[in-house]
Amino acid sequence: MFIRDAFALSFSWSSPMKQKKLLAVASAGGHWVQLIRMRPAFEFLSLHWISTSPGVASQVDREEFTSVRDANMWDKPGLVLMAIQIAWRVLLYRPDIVVTTGAAPGYFAIVFARLMGAKTIWIDSIANAEEMSLAGQKAKRWATHWITQWPELSGDDGPTYIGSVL
Amino acid sequence: MILVTVGTQLAFDRMVGAVDRWVNKKDIQVIAQVGPTEVCFSNIKYKSFLEQDELDHILKTSDLVVAHAGMGSILSSLSLGKPIIIMPRKASLGEHRNEHQMATARRFQNRPGVYVAWDEQQLVVLLNRWSTERFDHVDEISNTAPTEFLANLKQLIGNT
């Protein structure tokens with residue numbers, strides 16, 4: 001009986017009817033402004049948002065929002081704390097897909113979600129017209145889709161261009 | 001009312017200072033997000049960081065935005081149809097990690113509603129121009145990404 005229930009449960013988990021879970025991640029500021037412009041592409045998915053300022057929660061569904069510590073490359077303790085917060089959220093939410101515009105929180109989300117088998121989409125900020133961002137370069141090996149918003153930067157070994165948020 | 005913003009990460013005293021000196025003895029209200037700075041400004045209302053709600057509200061009621069050449073500031077202003085003067089940060093002056101804001105400024109310089117001040121002198125010239133003629137013609141953008149981009153992204157997401 002127990003085994004049958006377990007089977008039924010695992011079957012329902014892998015059912016194609018299940019709504020896919022998307023985790024959308026960006027640090028507050030320009031990265032976030034670009035991410036929320038993509039919202040229409042996330043319709044019909046279960047959504048959770050992560051950013052670095054609780055203040056931006058009002059722009060999305062507050063219930064589905066996690067704020068993490070802000071940190072950059074020069075703040076190592078901050079980065080470690082941010083990474084732990086994001087790892088925890090990824091473990092709890094178990095996203096099927098991660099979409100991020102960067103920077104540090106997006107990188108961590110992509111690493112942890114990739115390790116759990118999710119599809120990971122890195123969309124580099126439109127501000128990076130001449131080369132991929134630092135976080136973007138680090139994210140390359142963890143991203144199943146590595147995207148630029150500038151056609152000039154795309155190439156065989158480089159990022160893919162699919163248009164821009166503007 | 002003029003909204004001045006340097007974004008969320010770094011101070012940009014060269015720009016804020018120029019606006020602060022320009023507005024002295026003028027009957028114009030200036031509200032600024034100045035970032036982490038030790039500098040004090042005397043003729044403007046400012047905070048180092050404004051909460052998103054607060055910033056959105058000020059942006060909606062402002063007549064002009066003066067900002068660093070950051071994408072967040074530009075996209076937010078244009079999606080509300082507000083004219084914006086952008087001044088790029090210079091990495092050579094320690095204002096950013098690289099010169100990407102110069103590239104952003106070059107890209108936007110011919111867009112209606114976007115005015116580029118390459119330095120403080122040009123910022124003052126543009127502010128004077130705005131105070132006499134206003135900048136009415138703004139190429140307003142939608143608050144979502146273009147349909148083609150959204151369709152491409154949806155395809156990437158969908159085809160797991």
# chains A, B, ... in the order shown; residues from 1 in each chain; ligands from 1
>>> residues_around(residues="Leu166 in chain A", least_positions_apart="2", cutoff="7 Å", atoms="only C-alpha atoms", output="PDB file with C-alpha atoms, in the first residue's frame")
ATOM      1  CA  SER A 164      16.720  42.939 -26.004  1.00  0.00           C
TER       2      SER A 164
ATOM      3  CA  ALA B 145      10.109  43.910 -23.270  1.00  0.00           C
ATOM      4  CA  PRO B 146       9.341  43.807 -27.038  1.00  0.00           C
TER       5      PRO B 146
END
>>> closest_atom_pairs(of="chain A", to="chain B", cutoff="6 Å", atoms="only C-alpha atoms", output="Markdown table")
| residue | atom | partner | partner_atom | distance |
| --- | --- | --- | --- | --- |
| A:Gly29 | CA | B:Gly72 | CA | 5.7 |
| A:Gly30 | CA | B:Gly72 | CA | 3.5 |
| A:Val33 | CA | B:Gly72 | CA | 5.6 |
| A:Arg37 | CA | B:Thr144 | CA | 4.2 |
| A:Met38 | CA | B:Ala145 | CA | 5.8 |
| A:Ala41 | CA | B:Lys154 | CA | 5.1 |
| A:Gly55 | CA | B:Gln52 | CA | 5.3 |
| A:Val56 | CA | B:Gln52 | CA | 5.7 |
| A:Gly163 | CA | B:Phe149 | CA | 5.0 |
| A:Val165 | CA | B:Ala145 | CA | 4.3 |
| A:Leu166 | CA | B:Ala145 | CA | 5.8 |
>>> closest_residue(among="A:Ser46, A:Gln34, A:Ser51, A:Ser58", to="Pro95 in chain A", atoms="only C-alpha atoms")
A:Ser46
>>> select_by_dssp(residues="chain A", states="helix (DSSP H, G or I)", output="PyMOL selection string")
chain A and resi 2-14+30-36+39-42+54-59+62-64+76-93+104-115+134-142+151-153
>>> select_by_dssp(residues="chain B", states="strand (DSSP E or B)", output="PyMOL selection string")
chain B and resi 2-5+30-33+45-47+64-68+84-87+114-116
>>> write_last_selection(atoms="N, CA and C atoms", output="PDB file, in the first residue's frame")
ATOM      1  N   ILE B   2      12.614  68.085 -10.044  1.00  0.00           N
ATOM      2  CA  ILE B   2      13.623  67.281 -10.724  1.00  0.00           C
ATOM      3  C   ILE B   2      14.049  66.131  -9.816  1.00  0.00           C
ATOM      4  N   LEU B   3      14.066  64.920 -10.374  1.00  0.00           N
ATOM      5  CA  LEU B   3      14.600  63.772  -9.649  1.00  0.00           C
ATOM      6  C   LEU B   3      16.030  63.536 -10.116  1.00  0.00           C
ATOM      7  N   VAL B   4      16.937  63.468  -9.156  1.00  0.00           N
ATOM      8  CA  VAL B   4      18.333  63.147  -9.477  1.00  0.00           C
ATOM      9  C   VAL B   4      18.627  61.770  -8.892  1.00  0.00           C
ATOM     10  N   THR B   5      19.166  60.861  -9.704  1.00  0.00           N
ATOM     11  CA  THR B   5      19.517  59.537  -9.149  1.00  0.00           C
ATOM     12  C   THR B   5      20.851  59.017  -9.674  1.00  0.00           C
ATOM     13  N   VAL B  30      14.473  69.972  -6.056  1.00  0.00           N
ATOM     14  CA  VAL B  30      15.265  68.823  -6.504  1.00  0.00           C
ATOM     15  C   VAL B  30      15.274  67.764  -5.402  1.00  0.00           C
ATOM     16  N   ILE B  31      14.912  66.525  -5.752  1.00  0.00           N
ATOM     17  CA  ILE B  31      14.994  65.412  -4.812  1.00  0.00           C
ATOM     18  C   ILE B  31      15.998  64.414  -5.376  1.00  0.00           C
ATOM     19  N   ALA B  32      16.929  63.982  -4.533  1.00  0.00           N
ATOM     20  CA  ALA B  32      18.031  63.168  -5.056  1.00  0.00           C
ATOM     21  C   ALA B  32      18.293  61.904  -4.255  1.00  0.00           C
ATOM     22  N   GLN B  33      18.626  60.834  -4.993  1.00  0.00           N
ATOM     23  CA  GLN B  33      19.198  59.634  -4.386  1.00  0.00           C
ATOM     24  C   GLN B  33      20.686  59.701  -4.692  1.00  0.00           C
ATOM     25  N   LYS B  45      17.046  68.333  -1.676  1.00  0.00           N
ATOM     26  CA  LYS B  45      16.619  67.352  -0.675  1.00  0.00           C
ATOM     27  C   LYS B  45      17.226  66.026  -1.111  1.00  0.00           C
ATOM     28  N   TYR B  46      17.887  65.325  -0.213  1.00  0.00           N
ATOM     29  CA  TYR B  46      18.494  64.073  -0.672  1.00  0.00           C
ATOM     30  C   TYR B  46      18.575  63.006   0.397  1.00  0.00           C
ATOM     31  N   LYS B  47      18.692  61.775  -0.083  1.00  0.00           N
ATOM     32  CA  LYS B  47      18.891  60.593   0.769  1.00  0.00           C
ATOM     33  C   LYS B  47      19.921  59.746   0.052  1.00  0.00           C
ATOM     34  N   LEU B  64      11.532  66.191 -14.740  1.00  0.00           N
ATOM     35  CA  LEU B  64      12.795  65.866 -15.397  1.00  0.00           C
ATOM     36  C   LEU B  64      13.571  64.917 -14.495  1.00  0.00           C
ATOM     37  N   VAL B  65      14.314  64.000 -15.131  1.00  0.00           N
ATOM     38  CA  VAL B  65      15.199  63.118 -14.376  1.00  0.00           C
ATOM     39  C   VAL B  65      16.632  63.434 -14.777  1.00  0.00           C
ATOM     40  N   VAL B  66      17.509  63.532 -13.803  1.00  0.00           N
ATOM     41  CA  VAL B  66      18.943  63.655 -14.073  1.00  0.00           C
ATOM     42  C   VAL B  66      19.587  62.424 -13.444  1.00  0.00           C
ATOM     43  N   ALA B  67      20.297  61.621 -14.243  1.00  0.00           N
ATOM     44  CA  ALA B  67      20.787  60.343 -13.731  1.00  0.00           C
ATOM     45  C   ALA B  67      22.143  59.980 -14.307  1.00  0.00           C
ATOM     46  N   HIS B  68      22.827  59.064 -13.635  1.00  0.00           N
ATOM     47  CA  HIS B  68      24.010  58.436 -14.232  1.00  0.00           C
ATOM     48  C   HIS B  68      23.511  57.633 -15.439  1.00  0.00           C
ATOM     49  N   ILE B  84      14.965  62.650 -19.714  1.00  0.00           N
ATOM     50  CA  ILE B  84      16.078  62.328 -18.816  1.00  0.00           C
ATOM     51  C   ILE B  84      17.393  62.879 -19.357  1.00  0.00           C
ATOM     52  N   ILE B  85      18.154  63.487 -18.464  1.00  0.00           N
ATOM     53  CA  ILE B  85      19.531  63.881 -18.800  1.00  0.00           C
ATOM     54  C   ILE B  85      20.431  62.822 -18.166  1.00  0.00           C
ATOM     55  N   ILE B  86      21.261  62.162 -18.989  1.00  0.00           N
ATOM     56  CA  ILE B  86      22.174  61.169 -18.415  1.00  0.00           C
ATOM     57  C   ILE B  86      23.611  61.665 -18.480  1.00  0.00           C
ATOM     58  N   MET B  87      24.339  61.417 -17.430  1.00  0.00           N
ATOM     59  CA  MET B  87      25.761  61.761 -17.400  1.00  0.00           C
ATOM     60  C   MET B  87      26.529  60.478 -17.096  1.00  0.00           C
ATOM     61  N   VAL B 114      16.056  61.722 -24.424  1.00  0.00           N
ATOM     62  CA  VAL B 114      17.301  61.428 -23.702  1.00  0.00           C
ATOM     63  C   VAL B 114      18.355  62.461 -24.088  1.00  0.00           C
ATOM     64  N   TYR B 115      18.937  63.111 -23.104  1.00  0.00           N
ATOM     65  CA  TYR B 115      19.944  64.147 -23.342  1.00  0.00           C
ATOM     66  C   TYR B 115      21.221  63.723 -22.633  1.00  0.00           C
ATOM     67  N   VAL B 116      22.336  63.758 -23.344  1.00  0.00           N
ATOM     68  CA  VAL B 116      23.587  63.301 -22.738  1.00  0.00           C
ATOM     69  C   VAL B 116      24.461  64.482 -22.334  1.00  0.00           C
TER      70      VAL B 116
END
>>> residues_around(residues="Val34 in chain B", least_positions_apart="3", cutoff="6 Å", atoms="only C-alpha atoms", output="CSV table (one decimal) with C-alpha atoms, in the first residue's frame")
chain,number,residue,atom,x,y,z
B,6,VAL,CA,22.9,57.9,-9.1
B,11,ALA,CA,28.0,57.7,-5.2
B,48,SER,CA,21.6,58.1,0.1
>>> atom_distance(atom1="CA of Gly113 in chain B", atom2="CA of Ala57 in chain A")
29.0 Å
>>> residues_around(residues="Gly117 in chain A", least_positions_apart="4", cutoff="12 Å", atoms="only C-alpha atoms", output="number ranges by chain")
A: 90-91, 94-98, 110-113, 142-144; B: 160
>>> atom_distance(atom1="CA of Ala28 in chain A", atom2="CA of Gly102 in chain A")
9.7 Å
>>> closest_residue(among="A:Ala104, A:Asp156, A:Ser27, A:Ile121", to="Ser133 in chain A", atoms="only C-alpha atoms")
A:Ala104
>>> atom_distance(atom1="CA of Gly35 in chain B", atom2="CA of Glu140 in chain B")
27.0 Å
>>> closest_residue(among="A:Ile84, A:Leu134, A:Val68, A:Leu79", to="Ser53 in chain A", atoms="only C-alpha atoms")
A:Val68
